[in-house]
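Here is the file work_25.txt (compact mmCIF, N, CA and C atoms).
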```txt
# COMPACT_ATOMS: atom_id res chain seq x y z
N MET A 19 -29.52 -3.70 -13.95
CA MET A 19 -30.32 -3.00 -12.97
C MET A 19 -31.35 -3.95 -12.40
N TRP A 20 -31.76 -3.65 -11.16
CA TRP A 20 -32.77 -4.45 -10.49
C TRP A 20 -33.59 -3.55 -9.59
N LEU A 21 -34.90 -3.58 -9.71
CA LEU A 21 -35.80 -2.86 -8.82
C LEU A 21 -36.28 -3.85 -7.77
N ASP A 22 -35.88 -3.62 -6.51
CA ASP A 22 -36.17 -4.60 -5.46
C ASP A 22 -37.54 -4.39 -4.83
N THR A 23 -37.86 -5.22 -3.84
CA THR A 23 -39.16 -5.19 -3.18
C THR A 23 -39.38 -3.93 -2.36
N ASP A 24 -38.32 -3.19 -2.04
CA ASP A 24 -38.43 -1.94 -1.28
C ASP A 24 -38.42 -0.72 -2.19
N THR A 25 -38.60 -0.94 -3.49
CA THR A 25 -38.57 0.10 -4.50
C THR A 25 -37.23 0.84 -4.53
N ILE A 26 -36.17 0.08 -4.36
CA ILE A 26 -34.82 0.60 -4.51
C ILE A 26 -34.27 0.07 -5.83
N LEU A 27 -33.76 0.95 -6.63
CA LEU A 27 -33.17 0.57 -7.90
C LEU A 27 -31.69 0.29 -7.68
N TRP A 28 -31.27 -0.95 -7.94
CA TRP A 28 -29.87 -1.36 -7.80
C TRP A 28 -29.22 -1.32 -9.17
N ILE A 29 -28.06 -0.70 -9.23
CA ILE A 29 -27.39 -0.48 -10.51
C ILE A 29 -25.99 -1.06 -10.45
N GLY A 30 -25.68 -1.95 -11.35
CA GLY A 30 -24.34 -2.51 -11.45
C GLY A 30 -23.55 -1.77 -12.51
N THR A 31 -22.36 -1.33 -12.14
CA THR A 31 -21.52 -0.59 -13.07
C THR A 31 -20.14 -1.25 -13.13
N ASP A 32 -19.27 -0.70 -13.94
CA ASP A 32 -17.90 -1.20 -13.97
C ASP A 32 -17.07 -0.52 -12.87
N HIS A 33 -17.74 0.25 -12.01
CA HIS A 33 -17.08 0.87 -10.86
C HIS A 33 -17.72 0.44 -9.55
N GLY A 34 -18.58 -0.58 -9.57
CA GLY A 34 -19.17 -1.11 -8.35
C GLY A 34 -20.69 -1.14 -8.36
N LEU A 35 -21.24 -1.39 -7.17
CA LEU A 35 -22.68 -1.51 -6.97
C LEU A 35 -23.23 -0.21 -6.41
N CYS A 36 -24.35 0.24 -6.96
CA CYS A 36 -24.97 1.49 -6.51
C CYS A 36 -26.46 1.23 -6.29
N SER A 37 -27.06 2.08 -5.46
CA SER A 37 -28.51 2.02 -5.29
C SER A 37 -29.08 3.42 -5.40
N TYR A 38 -30.34 3.46 -5.84
CA TYR A 38 -31.06 4.72 -5.91
C TYR A 38 -32.41 4.51 -5.25
N GLN A 39 -32.61 5.18 -4.10
CA GLN A 39 -33.89 5.11 -3.41
C GLN A 39 -34.81 6.16 -4.02
N ILE A 40 -35.76 5.68 -4.78
CA ILE A 40 -36.62 6.55 -5.57
C ILE A 40 -37.41 7.50 -4.69
N ASN A 41 -38.00 6.99 -3.62
CA ASN A 41 -38.87 7.84 -2.79
C ASN A 41 -38.09 8.86 -1.97
N LYS A 42 -36.77 8.67 -1.78
CA LYS A 42 -35.94 9.61 -1.03
C LYS A 42 -34.99 10.41 -1.92
N ASN A 43 -34.97 10.08 -3.21
CA ASN A 43 -34.04 10.70 -4.16
C ASN A 43 -32.60 10.61 -3.63
N LEU A 44 -32.21 9.40 -3.18
CA LEU A 44 -30.91 9.17 -2.56
C LEU A 44 -30.11 8.15 -3.35
N PHE A 45 -28.93 8.54 -3.77
CA PHE A 45 -28.02 7.67 -4.52
C PHE A 45 -26.87 7.25 -3.60
N THR A 46 -26.56 5.93 -3.57
CA THR A 46 -25.50 5.41 -2.71
C THR A 46 -24.62 4.45 -3.50
N ARG A 47 -23.31 4.54 -3.28
CA ARG A 47 -22.37 3.60 -3.88
C ARG A 47 -21.84 2.68 -2.78
N TYR A 48 -21.72 1.37 -3.09
CA TYR A 48 -21.28 0.38 -2.11
C TYR A 48 -19.94 -0.20 -2.51
N ARG A 49 -19.14 -0.45 -1.52
CA ARG A 49 -17.87 -1.15 -1.71
C ARG A 49 -18.11 -2.62 -1.41
N ILE A 50 -17.79 -3.47 -2.35
CA ILE A 50 -17.92 -4.91 -2.15
C ILE A 50 -16.51 -5.48 -2.08
N ALA A 51 -16.15 -5.97 -0.92
CA ALA A 51 -14.82 -6.53 -0.72
C ALA A 51 -14.81 -7.99 -1.13
N SER A 52 -13.67 -8.43 -1.58
CA SER A 52 -13.50 -9.82 -2.01
C SER A 52 -12.76 -10.60 -0.94
N ASP A 53 -13.09 -11.89 -0.82
CA ASP A 53 -12.36 -12.78 0.08
C ASP A 53 -11.04 -13.22 -0.54
N ALA A 54 -10.94 -13.10 -1.84
CA ALA A 54 -9.72 -13.51 -2.54
C ALA A 54 -8.62 -12.48 -2.31
N PRO A 55 -7.42 -12.92 -1.92
CA PRO A 55 -6.35 -11.97 -1.65
C PRO A 55 -5.86 -11.20 -2.87
N VAL A 56 -6.08 -11.74 -4.04
CA VAL A 56 -5.62 -11.08 -5.27
C VAL A 56 -6.53 -9.91 -5.64
N ILE A 57 -7.83 -10.02 -5.32
CA ILE A 57 -8.80 -9.00 -5.69
C ILE A 57 -9.25 -8.27 -4.42
N ALA A 58 -8.86 -7.03 -4.25
CA ALA A 58 -9.22 -6.27 -3.05
C ALA A 58 -10.68 -5.83 -3.10
N ASP A 59 -11.07 -5.20 -4.19
CA ASP A 59 -12.44 -4.72 -4.37
C ASP A 59 -13.01 -5.28 -5.65
N ILE A 60 -14.28 -5.64 -5.59
CA ILE A 60 -14.98 -6.09 -6.79
C ILE A 60 -15.71 -4.88 -7.36
N LYS A 61 -15.43 -4.58 -8.62
CA LYS A 61 -16.01 -3.38 -9.22
C LYS A 61 -16.86 -3.66 -10.45
N ASP A 62 -16.58 -4.70 -11.19
CA ASP A 62 -17.28 -4.95 -12.45
C ASP A 62 -18.54 -5.78 -12.19
N ILE A 63 -19.67 -5.11 -12.01
CA ILE A 63 -20.94 -5.77 -11.72
C ILE A 63 -21.64 -6.08 -13.04
N ARG A 64 -22.01 -7.35 -13.21
CA ARG A 64 -22.61 -7.77 -14.48
C ARG A 64 -24.09 -8.10 -14.38
N THR A 65 -24.56 -8.56 -13.20
CA THR A 65 -25.97 -8.88 -13.04
C THR A 65 -26.36 -8.79 -11.57
N ILE A 66 -27.65 -8.55 -11.30
CA ILE A 66 -28.16 -8.42 -9.94
C ILE A 66 -29.48 -9.16 -9.86
N TYR A 67 -29.68 -9.91 -8.76
CA TYR A 67 -30.93 -10.64 -8.54
C TYR A 67 -31.25 -10.62 -7.05
N GLU A 68 -32.52 -10.50 -6.69
CA GLU A 68 -32.95 -10.54 -5.29
C GLU A 68 -33.73 -11.82 -5.04
N ASP A 69 -33.35 -12.55 -3.96
CA ASP A 69 -34.07 -13.78 -3.64
C ASP A 69 -35.23 -13.50 -2.66
N ASN A 70 -35.93 -14.54 -2.23
CA ASN A 70 -37.09 -14.41 -1.35
C ASN A 70 -36.74 -13.89 0.05
N ASN A 71 -35.48 -13.95 0.44
CA ASN A 71 -35.04 -13.45 1.74
C ASN A 71 -34.53 -12.01 1.67
N GLU A 72 -34.78 -11.34 0.54
CA GLU A 72 -34.33 -9.99 0.29
C GLU A 72 -32.80 -9.85 0.27
N THR A 73 -32.14 -10.93 -0.09
CA THR A 73 -30.70 -10.92 -0.28
C THR A 73 -30.42 -10.68 -1.75
N LEU A 74 -29.48 -9.79 -2.03
CA LEU A 74 -29.08 -9.55 -3.42
C LEU A 74 -27.94 -10.50 -3.78
N TRP A 75 -28.03 -11.08 -4.95
CA TRP A 75 -26.97 -11.90 -5.51
C TRP A 75 -26.39 -11.09 -6.67
N VAL A 76 -25.12 -10.80 -6.57
CA VAL A 76 -24.47 -9.92 -7.52
C VAL A 76 -23.45 -10.72 -8.33
N GLY A 77 -23.67 -10.79 -9.63
CA GLY A 77 -22.72 -11.46 -10.52
C GLY A 77 -21.65 -10.47 -10.96
N THR A 78 -20.40 -10.84 -10.75
CA THR A 78 -19.28 -9.95 -11.05
C THR A 78 -18.25 -10.66 -11.92
N ASN A 79 -17.25 -9.92 -12.33
CA ASN A 79 -16.16 -10.53 -13.08
C ASN A 79 -15.36 -11.50 -12.22
N ALA A 80 -15.50 -11.41 -10.88
CA ALA A 80 -14.77 -12.30 -9.96
C ALA A 80 -15.65 -13.42 -9.43
N GLY A 81 -16.89 -13.52 -9.89
CA GLY A 81 -17.79 -14.58 -9.44
C GLY A 81 -19.05 -14.01 -8.79
N LEU A 82 -19.79 -14.88 -8.11
CA LEU A 82 -21.06 -14.53 -7.48
C LEU A 82 -20.82 -14.03 -6.06
N VAL A 83 -21.48 -12.92 -5.69
CA VAL A 83 -21.32 -12.32 -4.38
C VAL A 83 -22.69 -12.19 -3.72
N LYS A 84 -22.77 -12.61 -2.46
CA LYS A 84 -23.99 -12.46 -1.67
C LYS A 84 -23.94 -11.11 -0.97
N PHE A 85 -24.95 -10.28 -1.15
CA PHE A 85 -24.98 -8.92 -0.61
C PHE A 85 -26.26 -8.76 0.20
N SER A 86 -26.13 -8.60 1.50
CA SER A 86 -27.29 -8.45 2.37
C SER A 86 -27.67 -6.99 2.48
N LYS A 87 -28.89 -6.67 2.11
CA LYS A 87 -29.38 -5.29 2.21
C LYS A 87 -29.64 -4.91 3.66
N LYS A 88 -29.83 -5.90 4.54
CA LYS A 88 -30.18 -5.64 5.93
C LYS A 88 -29.00 -5.24 6.78
N GLU A 89 -27.79 -5.52 6.31
CA GLU A 89 -26.58 -5.18 7.05
C GLU A 89 -26.03 -3.87 6.52
N ASP A 90 -25.22 -3.21 7.32
CA ASP A 90 -24.55 -2.00 6.86
C ASP A 90 -23.37 -2.42 6.02
N ASN A 91 -23.46 -2.27 4.72
CA ASN A 91 -22.39 -2.67 3.81
C ASN A 91 -21.54 -1.50 3.46
```

What's the structure tokens form of this structure?
Amino acid sequence: MWLDTDTILWIGTDHGLCSYQINKNLFTRYRIASDAPVIADIKDIRTIYEDNNETLWVGTNAGLVKFSKKEDN
């Protein structure tokens, strides 16, 4: 889990990436697509980190994924 600078709780599960906006009581699940042709969707999230540019770095069973919170994912 990771609590970001916008007070959004990011949760990594074995079924994908989720967020919980505390102030809105809103839960959202995100689909993270893989560039690798063998892996269609990345689901096993192992770690989450936010950098200074508010980009989330998501560690998965398929490697490291850059996840932009500013884009519609």

Correct to one decimal, the distance atom CA of Asn43 of chain A-atom C of Gly81 of chain A is 29.3 Å

Would you list the residues near (-29.6, 1.6, -7.0), meaning any protein, DNA or RNA residue with an atom at most 7 Å from that point in file coordinates, counting only C-alpha atoms, as a PDB file with N, CA and C atoms, keeping the file's coordinate frame?
```pdb
ATOM      1  N   ILE A  26     -36.170   0.080  -4.360  1.00  0.00           N
ATOM      2  CA  ILE A  26     -34.820   0.600  -4.510  1.00  0.00           C
ATOM      3  C   ILE A  26     -34.270   0.070  -5.830  1.00  0.00           C
ATOM      4  N   LEU A  27     -33.760   0.950  -6.630  1.00  0.00           N
ATOM      5  CA  LEU A  27     -33.170   0.570  -7.900  1.00  0.00           C
ATOM      6  C   LEU A  27     -31.690   0.290  -7.680  1.00  0.00           C
ATOM      7  N   TRP A  28     -31.270  -0.950  -7.940  1.00  0.00           N
ATOM      8  CA  TRP A  28     -29.870  -1.360  -7.800  1.00  0.00           C
ATOM      9  C   TRP A  28     -29.220  -1.320  -9.170  1.00  0.00           C
ATOM     10  N   ILE A  29     -28.060  -0.700  -9.230  1.00  0.00           N
ATOM     11  CA  ILE A  29     -27.390  -0.480 -10.510  1.00  0.00           C
ATOM     12  C   ILE A  29     -25.990  -1.060 -10.450  1.00  0.00           C
ATOM     13  N   CYS A  36     -24.350   0.240  -6.960  1.00  0.00           N
ATOM     14  CA  CYS A  36     -24.970   1.490  -6.510  1.00  0.00           C
ATOM     15  C   CYS A  36     -26.460   1.230  -6.290  1.00  0.00           C
ATOM     16  N   SER A  37     -27.060   2.080  -5.460  1.00  0.00           N
ATOM     17  CA  SER A  37     -28.510   2.020  -5.290  1.00  0.00           C
ATOM     18  C   SER A  37     -29.080   3.420  -5.400  1.00  0.00           C
ATOM     19  N   TYR A  38     -30.340   3.460  -5.840  1.00  0.00           N
ATOM     20  CA  TYR A  38     -31.060   4.720  -5.910  1.00  0.00           C
ATOM     21  C   TYR A  38     -32.410   4.510  -5.250  1.00  0.00           C
ATOM     22  N   GLN A  39     -32.610   5.180  -4.100  1.00  0.00           N
ATOM     23  CA  GLN A  39     -33.890   5.110  -3.410  1.00  0.00           C
ATOM     24  C   GLN A  39     -34.810   6.160  -4.020  1.00  0.00           C
ATOM     25  N   PHE A  45     -28.930   8.540  -3.770  1.00  0.00           N
ATOM     26  CA  PHE A  45     -28.020   7.670  -4.520  1.00  0.00           C
ATOM     27  C   PHE A  45     -26.870   7.250  -3.600  1.00  0.00           C
TER      28      PHE A  45
END
```

Within 6.5 Å of (-32.7, -8.1, -11.0) (coordinates as in the file), grab all the protein and nucleic acid residues, counting only N, CA and C atoms, and write them out as a ChimeraX atom specification.
-> /A:19-21,65-68

Suppose you want the space between atom CA of Val76 of chain A and atom CA of Thr23 of chain A; what is it in Å?
-> 16.0 Å

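The coordinates place atom N of Thr31 of chain A at 13.6 Å from atom C of Leu74 of chain A.
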
Quick one: residues within 7 Å of Glu72 of chain A, all atoms listed in the file counted, chain neighbours fewer than 5 positions away excluded, as a ChimeraX atom specification?
-> /A:85-88

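Nearest-residue note for Asn41 of chain A: choosing from A:Asp24, A:Asn70, A:Thr78, A:Ile63, the minimum distance belongs to A:Asp24, counting only N, CA and C atoms.
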
Looking at all atoms listed in the file, which of A:Lys42, A:Asp22, A:Leu82, A:Gly34 is the one that sits closest to Asp62 of chain A?
->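 Nearest to Asp62 of chain A: A:Gly34.
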
Within chain A, find each residue whose DSSP state, derived from the backbone, is strand (DSSP E), and express the selection as a PDB file with N, CA and C atoms, in the frame of the given file.
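Okay, this is what ended up in selection-v3.pdb:
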```
ATOM      1  N   TRP A  20     -31.760  -3.650 -11.160  1.00  0.00           N
ATOM      2  CA  TRP A  20     -32.770  -4.450 -10.490  1.00  0.00           C
ATOM      3  C   TRP A  20     -33.590  -3.550  -9.590  1.00  0.00           C
ATOM      4  N   LEU A  21     -34.900  -3.580  -9.710  1.00  0.00           N
ATOM      5  CA  LEU A  21     -35.800  -2.860  -8.820  1.00  0.00           C
ATOM      6  C   LEU A  21     -36.280  -3.850  -7.770  1.00  0.00           C
ATOM      7  N   ILE A  26     -36.170   0.080  -4.360  1.00  0.00           N
ATOM      8  CA  ILE A  26     -34.820   0.600  -4.510  1.00  0.00           C
ATOM      9  C   ILE A  26     -34.270   0.070  -5.830  1.00  0.00           C
ATOM     10  N   LEU A  27     -33.760   0.950  -6.630  1.00  0.00           N
ATOM     11  CA  LEU A  27     -33.170   0.570  -7.900  1.00  0.00           C
ATOM     12  C   LEU A  27     -31.690   0.290  -7.680  1.00  0.00           C
ATOM     13  N   TRP A  28     -31.270  -0.950  -7.940  1.00  0.00           N
ATOM     14  CA  TRP A  28     -29.870  -1.360  -7.800  1.00  0.00           C
ATOM     15  C   TRP A  28     -29.220  -1.320  -9.170  1.00  0.00           C
ATOM     16  N   ILE A  29     -28.060  -0.700  -9.230  1.00  0.00           N
ATOM     17  CA  ILE A  29     -27.390  -0.480 -10.510  1.00  0.00           C
ATOM     18  C   ILE A  29     -25.990  -1.060 -10.450  1.00  0.00           C
ATOM     19  N   GLY A  30     -25.680  -1.950 -11.350  1.00  0.00           N
ATOM     20  CA  GLY A  30     -24.340  -2.510 -11.450  1.00  0.00           C
ATOM     21  C   GLY A  30     -23.550  -1.770 -12.510  1.00  0.00           C
ATOM     22  N   THR A  31     -22.360  -1.330 -12.140  1.00  0.00           N
ATOM     23  CA  THR A  31     -21.520  -0.590 -13.070  1.00  0.00           C
ATOM     24  C   THR A  31     -20.140  -1.250 -13.130  1.00  0.00           C
ATOM     25  N   GLY A  34     -18.580  -0.580  -9.570  1.00  0.00           N
ATOM     26  CA  GLY A  34     -19.170  -1.110  -8.350  1.00  0.00           C
ATOM     27  C   GLY A  34     -20.690  -1.140  -8.360  1.00  0.00           C
ATOM     28  N   LEU A  35     -21.240  -1.390  -7.170  1.00  0.00           N
ATOM     29  CA  LEU A  35     -22.680  -1.510  -6.970  1.00  0.00           C
ATOM     30  C   LEU A  35     -23.230  -0.210  -6.410  1.00  0.00           C
ATOM     31  N   CYS A  36     -24.350   0.240  -6.960  1.00  0.00           N
ATOM     32  CA  CYS A  36     -24.970   1.490  -6.510  1.00  0.00           C
ATOM     33  C   CYS A  36     -26.460   1.230  -6.290  1.00  0.00           C
ATOM     34  N   SER A  37     -27.060   2.080  -5.460  1.00  0.00           N
ATOM     35  CA  SER A  37     -28.510   2.020  -5.290  1.00  0.00           C
ATOM     36  C   SER A  37     -29.080   3.420  -5.400  1.00  0.00           C
ATOM     37  N   TYR A  38     -30.340   3.460  -5.840  1.00  0.00           N
ATOM     38  CA  TYR A  38     -31.060   4.720  -5.910  1.00  0.00           C
ATOM     39  C   TYR A  38     -32.410   4.510  -5.250  1.00  0.00           C
ATOM     40  N   GLN A  39     -32.610   5.180  -4.100  1.00  0.00           N
ATOM     41  CA  GLN A  39     -33.890   5.110  -3.410  1.00  0.00           C
ATOM     42  C   GLN A  39     -34.810   6.160  -4.020  1.00  0.00           C
ATOM     43  N   LEU A  44     -32.210   9.400  -3.180  1.00  0.00           N
ATOM     44  CA  LEU A  44     -30.910   9.170  -2.560  1.00  0.00           C
ATOM     45  C   LEU A  44     -30.110   8.150  -3.350  1.00  0.00           C
ATOM     46  N   PHE A  45     -28.930   8.540  -3.770  1.00  0.00           N
ATOM     47  CA  PHE A  45     -28.020   7.670  -4.520  1.00  0.00           C
ATOM     48  C   PHE A  45     -26.870   7.250  -3.600  1.00  0.00           C
ATOM     49  N   THR A  46     -26.560   5.930  -3.570  1.00  0.00           N
ATOM     50  CA  THR A  46     -25.500   5.410  -2.710  1.00  0.00           C
ATOM     51  C   THR A  46     -24.620   4.450  -3.500  1.00  0.00           C
ATOM     52  N   ARG A  47     -23.310   4.540  -3.280  1.00  0.00           N
ATOM     53  CA  ARG A  47     -22.370   3.600  -3.880  1.00  0.00           C
ATOM     54  C   ARG A  47     -21.840   2.680  -2.780  1.00  0.00           C
ATOM     55  N   TYR A  48     -21.720   1.370  -3.090  1.00  0.00           N
ATOM     56  CA  TYR A  48     -21.280   0.380  -2.110  1.00  0.00           C
ATOM     57  C   TYR A  48     -19.940  -0.200  -2.510  1.00  0.00           C
ATOM     58  N   ILE A  50     -17.790  -3.470  -2.350  1.00  0.00           N
ATOM     59  CA  ILE A  50     -17.920  -4.910  -2.150  1.00  0.00           C
ATOM     60  C   ILE A  50     -16.510  -5.480  -2.080  1.00  0.00           C
ATOM     61  N   ALA A  51     -16.150  -5.970  -0.920  1.00  0.00           N
ATOM     62  CA  ALA A  51     -14.820  -6.530  -0.720  1.00  0.00           C
ATOM     63  C   ALA A  51     -14.810  -7.990  -1.130  1.00  0.00           C
ATOM     64  N   ASP A  59     -11.070  -5.200  -4.190  1.00  0.00           N
ATOM     65  CA  ASP A  59     -12.440  -4.720  -4.370  1.00  0.00           C
ATOM     66  C   ASP A  59     -13.010  -5.280  -5.650  1.00  0.00           C
ATOM     67  N   ILE A  60     -14.280  -5.640  -5.590  1.00  0.00           N
ATOM     68  CA  ILE A  60     -14.980  -6.090  -6.790  1.00  0.00           C
ATOM     69  C   ILE A  60     -15.710  -4.880  -7.360  1.00  0.00           C
ATOM     70  N   ILE A  63     -19.670  -5.110 -12.010  1.00  0.00           N
ATOM     71  CA  ILE A  63     -20.940  -5.770 -11.720  1.00  0.00           C
ATOM     72  C   ILE A  63     -21.640  -6.080 -13.040  1.00  0.00           C
ATOM     73  N   ARG A  64     -22.010  -7.350 -13.210  1.00  0.00           N
ATOM     74  CA  ARG A  64     -22.610  -7.770 -14.480  1.00  0.00           C
ATOM     75  C   ARG A  64     -24.090  -8.100 -14.380  1.00  0.00           C
ATOM     76  N   THR A  65     -24.560  -8.560 -13.200  1.00  0.00           N
ATOM     77  CA  THR A  65     -25.970  -8.880 -13.040  1.00  0.00           C
ATOM     78  C   THR A  65     -26.360  -8.790 -11.570  1.00  0.00           C
ATOM     79  N   ILE A  66     -27.650  -8.550 -11.300  1.00  0.00           N
ATOM     80  CA  ILE A  66     -28.160  -8.420  -9.940  1.00  0.00           C
ATOM     81  C   ILE A  66     -29.480  -9.160  -9.860  1.00  0.00           C
ATOM     82  N   TYR A  67     -29.680  -9.910  -8.760  1.00  0.00           N
ATOM     83  CA  TYR A  67     -30.930 -10.640  -8.540  1.00  0.00           C
ATOM     84  C   TYR A  67     -31.250 -10.620  -7.050  1.00  0.00           C
ATOM     85  N   GLU A  68     -32.520 -10.500  -6.690  1.00  0.00           N
ATOM     86  CA  GLU A  68     -32.950 -10.540  -5.290  1.00  0.00           C
ATOM     87  C   GLU A  68     -33.730 -11.820  -5.040  1.00  0.00           C
ATOM     88  N   THR A  73     -32.140 -10.930  -0.090  1.00  0.00           N
ATOM     89  CA  THR A  73     -30.700 -10.920  -0.280  1.00  0.00           C
ATOM     90  C   THR A  73     -30.420 -10.680  -1.750  1.00  0.00           C
ATOM     91  N   LEU A  74     -29.480  -9.790  -2.030  1.00  0.00           N
ATOM     92  CA  LEU A  74     -29.080  -9.550  -3.420  1.00  0.00           C
ATOM     93  C   LEU A  74     -27.940 -10.500  -3.780  1.00  0.00           C
ATOM     94  N   TRP A  75     -28.030 -11.080  -4.950  1.00  0.00           N
ATOM     95  CA  TRP A  75     -26.970 -11.900  -5.510  1.00  0.00           C
ATOM     96  C   TRP A  75     -26.390 -11.090  -6.670  1.00  0.00           C
ATOM     97  N   VAL A  76     -25.120 -10.800  -6.570  1.00  0.00           N
ATOM     98  CA  VAL A  76     -24.470  -9.920  -7.520  1.00  0.00           C
ATOM     99  C   VAL A  76     -23.450 -10.720  -8.330  1.00  0.00           C
ATOM    100  N   GLY A  77     -23.670 -10.790  -9.630  1.00  0.00           N
ATOM    101  CA  GLY A  77     -22.720 -11.460 -10.520  1.00  0.00           C
ATOM    102  C   GLY A  77     -21.650 -10.470 -10.960  1.00  0.00           C
ATOM    103  N   THR A  78     -20.400 -10.840 -10.750  1.00  0.00           N
ATOM    104  CA  THR A  78     -19.280  -9.950 -11.050  1.00  0.00           C
ATOM    105  C   THR A  78     -18.250 -10.660 -11.920  1.00  0.00           C
ATOM    106  N   GLY A  81     -16.890 -13.520  -9.890  1.00  0.00           N
ATOM    107  CA  GLY A  81     -17.790 -14.580  -9.440  1.00  0.00           C
ATOM    108  C   GLY A  81     -19.050 -14.010  -8.790  1.00  0.00           C
ATOM    109  N   LEU A  82     -19.790 -14.880  -8.110  1.00  0.00           N
ATOM    110  CA  LEU A  82     -21.060 -14.530  -7.480  1.00  0.00           C
ATOM    111  C   LEU A  82     -20.820 -14.030  -6.060  1.00  0.00           C
ATOM    112  N   VAL A  83     -21.480 -12.920  -5.690  1.00  0.00           N
ATOM    113  CA  VAL A  83     -21.320 -12.320  -4.380  1.00  0.00           C
ATOM    114  C   VAL A  83     -22.690 -12.190  -3.720  1.00  0.00           C
ATOM    115  N   LYS A  84     -22.770 -12.610  -2.460  1.00  0.00           N
ATOM    116  CA  LYS A  84     -23.990 -12.460  -1.670  1.00  0.00           C
ATOM    117  C   LYS A  84     -23.940 -11.110  -0.970  1.00  0.00           C
ATOM    118  N   PHE A  85     -24.950 -10.280  -1.150  1.00  0.00           N
ATOM    119  CA  PHE A  85     -24.980  -8.920  -0.610  1.00  0.00           C
ATOM    120  C   PHE A  85     -26.260  -8.760   0.200  1.00  0.00           C
ATOM    121  N   SER A  86     -26.130  -8.600   1.500  1.00  0.00           N
ATOM    122  CA  SER A  86     -27.290  -8.450   2.370  1.00  0.00           C
ATOM    123  C   SER A  86     -27.670  -6.990   2.480  1.00  0.00           C
TER     124      SER A  86
END
```

Which is closest to Lys61 of chain A among A:Thr46, A:Asn79, A:Lys84, A:Ile40, if we use only N, CA and C atoms?
->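 Looking only at the distances to Lys61 of chain A, the closest residue turns out to be A:Asn79.
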
Quick one: 5 Å padding each side, axis-aligned, all listed atoms of segment 62-67 of chain A - centre and edge lengths in Å to one decimal, as AutoDock Vina command-line options?
```
--center_x -23.9 --center_y -7.7 --center_z -10.8 --size_x 24.7 --size_y 15.9 --size_z 17.4
```

For Ile60 of chain A, which residue out of A:Leu44, A:Gly30, A:Thr25, A:Ala80 is the nearest one, using all atoms listed in the file?
->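 Of the candidates, the smallest distance to Ile60 of chain A is held by A:Ala80.
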